[in-house]
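*Asks:* This is the content of protein06.txt (compact mmCIF, C-alpha atoms):
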# COMPACT_ATOMS: atom_id res chain seq x y z
CA MET A 6 -3.73 -17.06 14.68
CA PHE A 7 -5.95 -14.37 16.18
CA SER A 8 -5.49 -15.64 19.76
CA ASN A 9 -1.83 -14.58 19.66
CA MET A 10 -2.60 -10.95 18.86
CA HIS A 11 -1.96 -8.15 21.35
CA LYS A 12 -4.76 -5.60 21.89
CA ASN A 13 -2.60 -3.04 20.07
CA VAL A 14 -2.85 -5.04 16.85
CA TRP A 15 -6.64 -4.88 16.85
CA LEU A 16 -6.72 -1.18 17.73
CA LEU A 17 -4.28 -0.43 14.92
CA MET A 18 -6.15 -2.66 12.48
CA PHE A 19 -9.52 -0.94 12.96
CA ALA A 20 -7.91 2.51 12.94
CA GLN A 21 -6.12 1.57 9.71
CA ALA A 22 -9.42 0.39 8.20
CA LEU A 23 -10.95 3.82 8.78
CA MET A 24 -7.92 5.96 7.90
CA GLY A 25 -6.89 3.71 5.01
CA SER A 26 -10.26 4.11 3.29
CA ILE A 27 -8.90 7.27 1.69
CA GLY A 28 -6.60 5.23 -0.56
CA PRO A 29 -9.38 3.36 -2.41
CA VAL A 30 -11.35 6.64 -2.62
CA VAL A 31 -8.46 8.43 -4.33
CA VAL A 32 -7.91 5.48 -6.68
CA PHE A 33 -11.60 5.36 -7.59
CA VAL A 34 -12.36 9.10 -7.69
CA GLY A 35 -8.97 10.59 -8.57
CA GLY A 36 -8.97 9.57 -12.23
CA PHE A 37 -12.52 10.78 -12.83
CA VAL A 38 -11.95 14.14 -11.15
CA GLY A 39 -8.67 14.37 -13.03
CA LEU A 40 -10.42 13.80 -16.35
CA LYS A 41 -12.83 16.66 -15.61
CA LEU A 42 -10.36 19.16 -14.20
CA ALA A 43 -6.98 18.38 -15.76
CA PRO A 44 -5.76 20.69 -18.54
CA SER A 45 -4.75 17.60 -20.55
CA PRO A 46 -6.02 13.96 -20.57
CA VAL A 47 -2.42 12.83 -20.03
CA LEU A 48 -2.65 14.34 -16.52
CA ALA A 49 -5.84 12.46 -15.62
CA THR A 50 -4.04 10.01 -13.30
CA LEU A 51 -1.83 12.71 -11.76
CA PRO A 52 -4.00 13.03 -8.60
CA ILE A 53 -3.55 9.31 -7.88
CA ALA A 54 0.17 9.61 -8.48
CA CYS A 55 0.29 12.67 -6.19
CA MET A 56 -0.91 10.55 -3.30
CA ILE A 57 1.88 8.04 -3.80
CA VAL A 58 4.47 10.76 -4.38
CA GLY A 59 3.23 12.38 -1.16
CA ILE A 60 3.75 9.13 0.74
CA ALA A 61 7.32 8.91 -0.56
CA CYS A 62 8.10 12.55 0.25
CA TYR A 63 6.62 12.40 3.73
CA MET A 64 8.01 8.96 4.65
CA LEU A 65 11.33 9.97 6.23
CA PRO A 66 9.87 13.02 8.05
CA ALA A 67 7.06 10.79 9.35
CA VAL A 68 9.47 8.15 10.64
CA LYS A 69 11.64 10.87 12.21
CA LEU A 70 8.55 12.33 13.88
CA LEU A 71 7.54 8.96 15.31
CA ALA A 72 11.06 8.34 16.59
CA THR A 73 11.04 11.78 18.27
CA ILE A 74 7.58 12.06 19.82
CA GLY A 75 6.59 8.40 19.96
CA ARG A 76 4.29 6.31 17.83
CA LYS A 77 1.07 7.15 19.68
CA LYS A 78 1.36 10.93 19.45
CA GLY A 79 2.49 10.67 15.84
CA PHE A 80 -0.43 8.42 14.92
CA LEU A 81 -2.93 10.78 16.57
CA LEU A 82 -1.42 13.75 14.75
CA ALA A 83 -1.64 11.91 11.43
CA ALA A 84 -5.30 11.00 11.94
CA SER A 85 -6.13 14.62 12.81
CA TRP A 86 -4.41 15.81 9.66
CA GLY A 87 -6.26 13.24 7.55
CA MET A 88 -9.61 14.61 8.76
CA ILE A 89 -8.63 18.22 7.99
CA ASN A 90 -7.21 17.32 4.60
CA CYS A 91 -10.43 15.57 3.54
CA LEU A 92 -12.22 18.89 3.95
CA ILE A 93 -9.48 20.72 2.03
CA THR A 94 -9.78 18.19 -0.81
CA SER A 95 -13.55 18.60 -0.86
CA TYR A 96 -13.13 22.38 -1.08
CA ALA A 97 -10.65 22.02 -3.97
CA ILE A 98 -13.23 20.03 -5.97
CA TYR A 99 -15.87 22.62 -5.09
CA LEU A 100 -13.60 25.31 -6.56
CA GLN A 101 -12.93 23.07 -9.59
CA HIS A 102 -9.21 23.77 -9.08
CA PHE A 103 -7.13 20.91 -10.47
CA TRP A 104 -3.77 21.89 -8.97
CA MET A 105 -5.26 22.57 -5.53
CA PHE A 106 -6.91 19.15 -5.74
CA CYS A 107 -3.57 17.52 -6.61
CA PHE A 108 -1.82 19.33 -3.77
CA ALA A 109 -4.49 18.23 -1.29
CA ILE A 110 -4.17 14.63 -2.48
CA PHE A 111 -0.38 14.94 -2.16
CA ASN A 112 -0.79 15.98 1.48
CA PHE A 113 -2.64 12.78 2.29
CA GLY A 114 0.87 11.38 2.03
CA PHE A 115 1.66 12.60 5.55
CA MET A 116 -1.23 10.68 7.08
CA ILE A 117 -0.62 7.56 4.99
CA ALA A 118 3.15 7.59 5.61
CA ASN A 119 2.45 7.56 9.34
CA SER A 120 -0.22 4.89 9.08
CA GLN A 121 2.17 2.71 7.07
CA GLN A 122 4.15 2.42 10.30
CA PHE A 123 1.13 0.74 11.92
CA ARG A 124 2.39 -2.59 10.61
CA PHE A 125 5.75 -2.20 12.36
CA ALA A 126 4.01 -1.13 15.57
CA ALA A 127 1.84 -4.25 15.29
CA MET A 128 4.86 -6.52 14.79
CA GLU A 129 6.56 -4.95 17.82
CA SER A 130 3.46 -5.73 19.91
CA VAL A 131 3.74 -9.52 19.44
CA LYS A 132 6.42 -12.17 19.75
CA GLU A 133 8.78 -12.50 16.78
CA GLN A 134 7.28 -15.83 15.65
CA HIS A 135 3.89 -14.16 15.25
CA ALA A 136 5.14 -11.22 13.15
CA SER A 137 3.74 -12.48 9.82
CA GLU A 138 0.39 -13.18 11.48
CA ALA A 139 0.30 -9.65 12.92
CA ILE A 140 0.90 -8.30 9.41
CA SER A 141 -1.94 -10.48 8.13
CA VAL A 142 -4.30 -9.07 10.76
CA MET A 143 -3.23 -5.54 9.84
CA LEU A 144 -3.96 -6.15 6.18
CA ILE A 145 -7.52 -7.15 7.04
CA ALA A 146 -7.95 -3.39 7.50
CA GLY A 147 -7.53 -3.01 3.76
CA LEU A 148 -10.40 -5.43 3.19
CA ILE A 149 -12.69 -3.22 5.26
CA ALA A 150 -11.31 -0.06 3.64
CA ALA A 151 -11.88 -1.54 0.18
CA TYR A 152 -15.59 -1.61 0.88
CA ILE A 153 -16.00 1.53 2.99
CA GLY A 154 -13.97 3.89 0.79
CA PRO A 155 -15.50 3.40 -2.68
CA GLU A 156 -19.01 3.04 -1.25
CA ILE A 157 -18.75 6.38 0.56
CA ALA A 158 -17.29 7.97 -2.55
CA TYR A 159 -20.09 6.60 -4.72
CA VAL A 160 -22.92 7.47 -2.32
CA GLY A 161 -21.49 10.86 -1.36
CA LYS A 162 -20.63 12.06 -4.85
CA ASP A 163 -24.03 13.66 -5.47
CA ILE A 164 -24.71 15.15 -2.01
CA PHE A 165 -23.65 18.57 -3.30
CA ASP A 166 -24.25 20.16 -6.69
CA ILE A 167 -20.66 19.51 -7.78
CA GLU A 168 -19.90 15.81 -8.18
CA PHE A 169 -17.55 14.18 -5.63
CA VAL A 170 -17.44 17.17 -3.23
CA GLY A 171 -19.53 15.11 -0.82
CA SER A 172 -17.29 12.05 -1.18
CA PHE A 173 -14.39 13.64 0.69
CA ALA A 174 -16.62 15.63 3.06
CA VAL A 175 -18.20 12.42 4.36
CA MET A 176 -14.80 10.71 4.47
CA SER A 177 -13.65 13.26 7.06
CA LEU A 178 -16.12 11.78 9.57
CA LEU A 179 -14.31 8.43 9.59
CA TYR A 180 -11.32 9.97 11.34
CA ILE A 181 -13.31 10.66 14.52
CA PRO A 182 -13.62 6.96 15.54
CA ALA A 183 -10.05 6.41 14.28
CA LEU A 184 -8.81 9.01 16.77
CA LEU A 185 -10.75 7.31 19.57
CA LEU A 186 -9.18 3.95 18.74
CA LEU A 187 -5.65 5.36 18.57
CA SER A 188 -6.12 7.07 21.93
CA LYS A 189 -6.28 3.54 23.44
CA TYR A 190 -3.07 2.40 21.74
CA VAL A 191 -0.12 1.77 24.09
CA ASP A 192 3.42 2.36 22.84
CA VAL A 193 5.45 -0.83 23.09
CA HIS A 194 9.05 0.13 23.74
CA LYS A 195 11.67 -2.43 22.87
CA ALA A 196 14.21 -0.42 24.80
CA THR A 197 16.66 0.39 22.06
CA ASN A 198 18.75 2.32 24.53
CA GLN A 199 19.40 -0.88 26.47
CA VAL A 200 20.75 -2.80 23.50
CA GLU A 201 24.48 -3.22 23.62
CA GLY A 202 26.65 -2.38 20.64
CA GLU A 203 26.60 0.29 18.02
CA ALA A 204 24.12 0.37 15.18
CA ARG A 205 25.58 -0.72 11.87
CA SER A 206 25.86 1.61 8.93
CA LEU A 207 22.97 1.64 6.47
CA LYS A 208 25.37 0.50 3.75
CA THR A 209 26.21 -2.62 5.76
CA ILE A 210 22.54 -3.40 6.39
CA ILE A 211 21.36 -2.97 2.81
CA SER A 212 24.19 -5.12 1.46
CA GLN A 213 22.68 -8.18 3.13
CA PRO A 214 20.90 -10.53 0.68
CA ILE A 215 18.04 -10.97 3.17
CA PHE A 216 17.45 -7.20 3.20
CA LEU A 217 17.62 -7.00 -0.59
CA VAL A 218 15.02 -9.76 -0.92
CA ALA A 219 12.71 -7.98 1.52
CA ILE A 220 12.97 -4.53 -0.04
CA ILE A 221 12.98 -5.64 -3.69
CA SER A 222 10.03 -8.02 -3.22
CA ALA A 223 7.94 -5.37 -1.49
CA THR A 224 8.98 -2.65 -3.96
CA VAL A 225 8.25 -4.75 -7.05
CA ALA A 226 4.91 -5.86 -5.58
CA PHE A 227 3.84 -2.27 -4.91
CA SER A 228 5.20 -0.91 -8.20
CA VAL A 229 3.61 -3.52 -10.47
CA MET A 230 0.33 -3.38 -8.53
CA SER A 231 0.17 0.43 -8.65
CA PHE A 232 1.22 0.61 -12.32
CA ILE A 233 -1.61 -1.67 -13.45
CA MET A 234 -4.22 -0.52 -10.94
CA THR A 235 -3.76 3.20 -11.70
CA ALA A 236 -4.20 2.61 -15.43
CA THR A 237 -7.22 0.29 -15.12
CA PRO A 238 -10.00 2.89 -14.58
CA ILE A 239 -8.75 4.90 -17.58
CA SER A 240 -8.41 1.81 -19.77
CA MET A 241 -11.85 0.49 -18.80
CA HIS A 242 -13.94 3.66 -18.61
CA VAL A 243 -12.29 5.93 -21.17
CA HIS A 244 -10.71 3.60 -23.73
CA HIS A 245 -13.22 0.74 -23.72
CA GLY A 246 -16.48 2.33 -22.59
CA PHE A 247 -17.26 0.43 -19.39
CA ASP A 248 -19.57 2.38 -17.08
CA MET A 249 -18.52 3.77 -13.70
CA ALA A 250 -20.29 1.04 -11.71
CA ASP A 251 -18.40 -1.72 -13.57
CA THR A 252 -15.13 0.10 -13.10
CA LYS A 253 -15.87 0.61 -9.39
CA TRP A 254 -16.51 -3.08 -8.87
CA VAL A 255 -13.30 -4.11 -10.62
CA ILE A 256 -11.29 -1.75 -8.40
CA GLN A 257 -13.15 -2.91 -5.29
CA SER A 258 -12.60 -6.55 -6.25
CA HIS A 259 -8.91 -5.84 -6.72
CA ILE A 260 -8.57 -4.18 -3.31
CA ILE A 261 -10.56 -6.98 -1.65
CA ALA A 262 -8.20 -9.49 -3.30
CA MET A 263 -5.26 -7.54 -1.91
CA TYR A 264 -6.45 -8.05 1.64
CA LEU A 265 -8.82 -11.04 1.86
CA PRO A 266 -5.97 -13.62 1.69
CA SER A 267 -4.56 -11.99 4.84
CA PHE A 268 -6.76 -14.32 6.90
CA PHE A 269 -4.38 -17.15 6.01
CA THR A 270 -1.27 -15.67 4.36
CA GLY A 271 0.57 -15.28 7.69
CA SER A 272 0.02 -18.97 8.45
CA LEU A 273 1.19 -19.90 4.95
CA VAL A 274 4.39 -17.91 5.47
CA LYS A 275 5.03 -19.77 8.73
CA ARG A 276 4.38 -23.13 7.08
CA PHE A 277 6.11 -22.75 3.70
CA GLY A 278 8.63 -20.00 4.38
CA HIS A 279 9.26 -16.55 2.91
CA LYS A 280 11.01 -17.74 -0.25
CA LYS A 281 8.20 -20.00 -1.47
CA MET A 282 5.54 -17.39 -0.72
CA ILE A 283 7.42 -14.66 -2.58
CA ILE A 284 7.86 -16.95 -5.59
CA SER A 285 4.16 -17.85 -5.42
CA GLY A 286 3.32 -14.15 -5.51
CA VAL A 287 5.49 -13.67 -8.61
CA ILE A 288 3.79 -16.59 -10.36
CA ILE A 289 0.36 -15.12 -9.59
CA PHE A 290 1.52 -11.78 -11.02
CA PHE A 291 2.51 -13.56 -14.24
CA LEU A 292 -0.97 -15.14 -14.41
CA CYS A 293 -2.42 -11.65 -13.98
CA LEU A 294 -0.41 -10.43 -16.96
CA LEU A 295 -1.38 -13.46 -19.06
CA ILE A 296 -5.10 -12.87 -18.54
CA GLY A 297 -4.60 -9.18 -19.28
CA PHE A 298 -2.99 -10.09 -22.61
CA LEU A 299 -5.84 -12.44 -23.55
CA GLY A 300 -8.46 -9.73 -23.98
CA LYS A 301 -10.12 -6.53 -22.84
CA GLU A 302 -13.57 -7.78 -21.91
CA TYR A 303 -14.97 -7.16 -18.44
CA VAL A 304 -14.02 -10.67 -17.27
CA HIS A 305 -10.39 -10.11 -18.32
CA TYR A 306 -10.10 -6.89 -16.35
CA TRP A 307 -11.81 -8.39 -13.32
CA ALA A 308 -9.80 -11.63 -13.21
CA SER A 309 -6.53 -9.85 -13.92
CA LEU A 310 -7.07 -7.27 -11.16
CA VAL A 311 -8.10 -9.95 -8.65
CA LEU A 312 -4.91 -11.92 -9.34
CA LEU A 313 -2.95 -8.69 -9.12
CA GLY A 314 -4.29 -8.23 -5.60
CA VAL A 315 -3.54 -11.79 -4.46
CA GLY A 316 0.01 -11.66 -5.85
CA TRP A 317 0.63 -8.37 -4.05
CA ASN A 318 -0.64 -9.83 -0.78
CA PHE A 319 1.67 -12.87 -0.89
CA MET A 320 4.73 -10.82 -1.78
CA PHE A 321 4.08 -7.91 0.58
CA ILE A 322 3.32 -9.94 3.72
CA SER A 323 6.30 -12.20 3.08
CA ALA A 324 8.65 -9.28 2.46
CA THR A 325 7.41 -7.20 5.40
CA SER A 326 7.72 -10.04 7.92
CA LEU A 327 11.17 -10.84 6.52
CA LEU A 328 12.51 -7.29 6.90
CA PRO A 329 12.94 -7.32 10.74
CA LYS A 330 15.32 -10.28 10.36
CA SER A 331 17.78 -7.93 8.63
CA TYR A 332 18.17 -5.35 11.42
CA GLU A 333 18.71 -4.99 15.16
CA PRO A 334 16.22 -3.17 17.45
CA GLU A 335 18.35 -0.01 17.62
CA GLU A 336 18.35 0.14 13.80
CA ARG A 337 14.60 -0.22 13.31
CA PHE A 338 13.46 3.34 12.62
CA ARG A 339 16.27 4.00 10.16
CA VAL A 340 15.80 0.75 8.25
CA GLN A 341 11.99 0.90 8.28
CA GLY A 342 12.10 4.47 7.00
CA PHE A 343 14.60 3.63 4.25
CA ASN A 344 12.57 0.57 3.21
CA ASP A 345 9.35 2.56 2.89
CA LEU A 346 11.09 5.48 1.18
CA ILE A 347 12.40 3.22 -1.59
CA MET A 348 9.16 1.26 -1.83
CA PHE A 349 6.86 4.26 -2.14
CA SER A 350 9.26 6.26 -4.33
CA CYS A 351 9.24 3.45 -6.89
CA GLN A 352 5.49 3.09 -6.52
CA ALA A 353 5.17 6.83 -7.15
CA ILE A 354 7.18 6.54 -10.37
CA ALA A 355 4.99 3.64 -11.48
CA SER A 356 1.79 5.53 -10.73
CA LEU A 357 3.02 8.76 -12.32
CA SER A 358 3.96 6.99 -15.53
CA ALA A 359 0.80 4.85 -15.77
CA GLY A 360 -1.39 7.56 -17.31
CA TRP A 361 1.21 8.46 -19.93
CA VAL A 362 1.97 4.81 -20.79
CA ILE A 363 -1.69 3.78 -21.16
CA LYS A 364 -2.40 6.79 -23.40
CA SER A 365 0.76 6.55 -25.50
CA TYR A 366 1.32 2.80 -25.81
CA GLY A 367 -1.82 1.00 -24.67
CA TRP A 368 -2.75 -1.74 -22.23
CA ASN A 369 -0.60 -4.58 -23.60
CA SER A 370 2.58 -2.49 -23.58
CA LEU A 371 1.87 -1.45 -20.00
CA LEU A 372 1.58 -5.10 -18.98
CA THR A 373 4.77 -6.03 -20.84
CA MET A 374 6.78 -3.44 -18.91
CA CYS A 375 6.06 -5.34 -15.67
CA ILE A 376 7.85 -8.52 -16.75
CA PRO A 377 11.49 -7.42 -16.10
CA LEU A 378 10.63 -6.38 -12.53
CA LEU A 379 9.15 -9.80 -11.77
CA LEU A 380 12.21 -11.53 -13.25
CA LEU A 381 14.43 -9.32 -11.07
CA THR A 382 12.57 -10.54 -7.99
CA LEU A 383 13.10 -14.19 -8.93
CA TRP A 384 16.81 -13.51 -9.46
CA ILE A 385 17.34 -11.79 -6.09
CA VAL A 386 15.48 -14.63 -4.31
CA TYR A 387 17.86 -17.08 -6.04
CA VAL A 388 20.87 -15.05 -4.86
CA TRP A 389 19.50 -15.01 -1.31
CA GLN A 390 18.88 -18.76 -1.32
CA LYS A 391 22.41 -19.39 -2.60
CA SER A 392 23.79 -17.15 0.15
CA ARG A 393 21.84 -19.04 2.80
CA LYS A 394 23.21 -22.36 1.60
CA ASN A 395 26.75 -21.02 1.60
CA ASN A 396 26.32 -19.77 5.17
CA ASN A 397 24.44 -22.91 6.23
CA ASN A 398 21.49 -20.80 7.44
CA VAL A 399 17.90 -21.93 7.65
Let me see whether you can do it: turn the structure in this file into structure tokens.

*Replies:*
Amino acid sequence: MFSNMHKNVWLLMFAQALMGSIGPVVVFVGGFVGLKLAPSPVLATLPIACMIVGIACYMLPAVKLLATIGRKKGFLLAASWGMINCLITSYAIYLQHFWMFCFAIFNFGFMIANSQQFRFAAMESVKEQHASEAISVMLIAGLIAAYIGPEIAYVGKDIFDIEFVGSFAVMSLLYIPALLLLSKYVDVHKATNQVEGEARSLKTIISQPIFLVAIISATVAFSVMSFIMTATPISMHVHHGFDMADTKWVIQSHIIAMYLPSFFTGSLVKRFGHKKMIISGVIIFFLCLLIGFLGKEYVHYWASLVLLGVGWNFMFISATSLLPKSYEPEERFRVQGFNDLIMFSCQAIASLSAGWVIKSYGWNSLLTMCIPLLLLTLWIVYVWQKSRKNNNNV
């Protein structure tokens, strides 16, 4: 698989590993800082949700920026902003100002929204048949980030007198090598201005069953994953007394499980097809819920969160590599932006509601709320398959 990858894919992957480390840091640290600074325990997970809300809010402006100034300049600008915002976040913790902290976390959304377009840039750098493999390579970045981020947060938390100020201060240094890597990236233009014909309306594009499968599968995967993941540190550490080290390892294991299968998921998609891989992801999500229902011991949290990561990986890679089949080159920025806007908006809602749900209704109710979304995914895949048979498509 790796022999088919353009140099751009590797540059983007390593840059993503460095820039993307901020996500695991916010997930790991955000709830704990929130518990200390928030005016109410219900708002403890608000910083984590702010990051996802920020991604959703910045998504369309980020895509518009990339379409206007080019991917390379936009990526460099995003990395520069990420470095500056790490220092702003560190200063907010130093001041012990909860709302400033939330606003700083929200503004990571600009950097992350831009870096989410790395996967499309990677796909455009390889032949169409290698798109799922390019996505798999890109997701390896998350595996690296899963280790780098929480470790830096844990080691750096006591550098200064106020806990976690050092976590974000040290994180800012990671953006220097990221900028160097992105400076070597070469924009791959697929000459949209040379494509004949007018771009279709967004309504026409989104009415296609293949598009609906891609966007719903990715959205459900992100929403269910974020809903459970955001609530886990609070459920473990606050409600059931697990120490911070145990909680850190569960979150790290989850993030590793999100990305480790990427070494072979792309090949599995090529061999078994998008439909079977999406369904496999849904089944793994159901196993995650089942283990979560069985108990609240450490092993239950760990196994459930690992399965949550694997299920997300199967569904997300399959959905992302399927999406380009629903649009023409001249439609790419508009469709990619719309896809990510919907995906991260729903993820933001899931993350925002996780703290309130876990406090008000408990762990089992939170897991139960995920079931209808997974059933919706199975239904839309069935509709797509029926449509393909009717149109005699493969």

*Asks:* What separation in Å, quoted to one decimal, exists between CA of Val47 (chain A) and CA of Lys364 (chain A)?

*Replies:*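 Distance reported for this atom pair: 6.9 Å.
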
*Asks:* Near Ser231 (chain A), counting only C-alpha atoms, which residues have an atom at most 12 Å away, once you skip same-chain residues fewer than 3 positions from it, shown as a VMD selection string?

*Replies:* chain A and resid 28 to 29 32 50 53 to 54 56 to 58 224 to 228 234 to 237 256 259 to 260 263 310 313 to 314 317 348 to 360 371 to 372 375

*Asks:* Which one is closest to Lys280 (chain A): A:Ile385, A:Met88, A:Leu82, A:Ile167? Count all atoms listed in the file.

*Replies:*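 Checking each candidate against Lys280 (chain A), we get A:Ile385 as the closest.
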
*Asks:* Would you list the contacts of Glu302 (chain A) as a PDB file with C-alpha atoms, in the coordinates of the input, taking every protein, DNA or RNA residue within 10 Å and counting only C-alpha atoms, but skipping same-chain residues closer than 4 positions in sequence?

*Replies:*
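Result file selection22.pdb:
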ATOM      1  CA  MET A 241     -11.850   0.490 -18.800  1.00  0.00           C
ATOM      2  CA  HIS A 245     -13.220   0.740 -23.720  1.00  0.00           C
ATOM      3  CA  PHE A 247     -17.260   0.430 -19.390  1.00  0.00           C
ATOM      4  CA  GLY A 297      -4.600  -9.180 -19.280  1.00  0.00           C
ATOM      5  CA  TYR A 306     -10.100  -6.890 -16.350  1.00  0.00           C
ATOM      6  CA  TRP A 307     -11.810  -8.390 -13.320  1.00  0.00           C
TER       7      TRP A 307
END

*Asks:* Kindly list the centre and edge lengths in Å, rounded to one decimal, for the axis-aligned box that covers all listed atoms of region 387-392 of chain A plus 5 Å on each of its six sides, as JSON.

*Replies:*
{"center_x": 20.8, "center_y": -17.2, "center_z": -2.9, "size_x": 15.9, "size_y": 14.4, "size_z": 16.2}

*Asks:* Counting all atoms listed in the file, which residue out of A:Met105, A:Leu179, A:Gln134, A:Ile157 sits closest to Gly25 (chain A)?

*Replies:*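 Closest residue, counting all atoms listed in the file: A:Leu179.
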
*Asks:* Please identify all polymer residues within 9 Å of region 190-192 of chain A, counting only C-alpha atoms, omitting same-chain residues fewer than 5 positions from it, and present them as a VMD selection string.

*Replies:* chain A and resid 12 to 14 16 to 17 75 to 77 126 130

*Asks:* Measuring atom to atom with all atoms listed in the file, identify which of A:Lys78, A:Tyr99, A:Ile89, A:Pro334 is nearest to Ile164 (chain A).

*Replies:*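 Counting all atoms listed in the file, the residue closest to Ile164 (chain A) is A:Tyr99.
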
*Asks:* Can you tell me how far CA of Val38 (chain A) sits from CA of Val304 (chain A), in Å to one decimal?

*Replies:* 25.6 Å

*Asks:* In terms of the shortest atom-to-atom distance over only C-alpha atoms, which of A:Ser141, A:Asn90, A:Ser222, A:Ser45 is closest to Trp389 (chain A)?

*Replies:*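 Checking each candidate against Trp389 (chain A), we get A:Ser222 as the closest.
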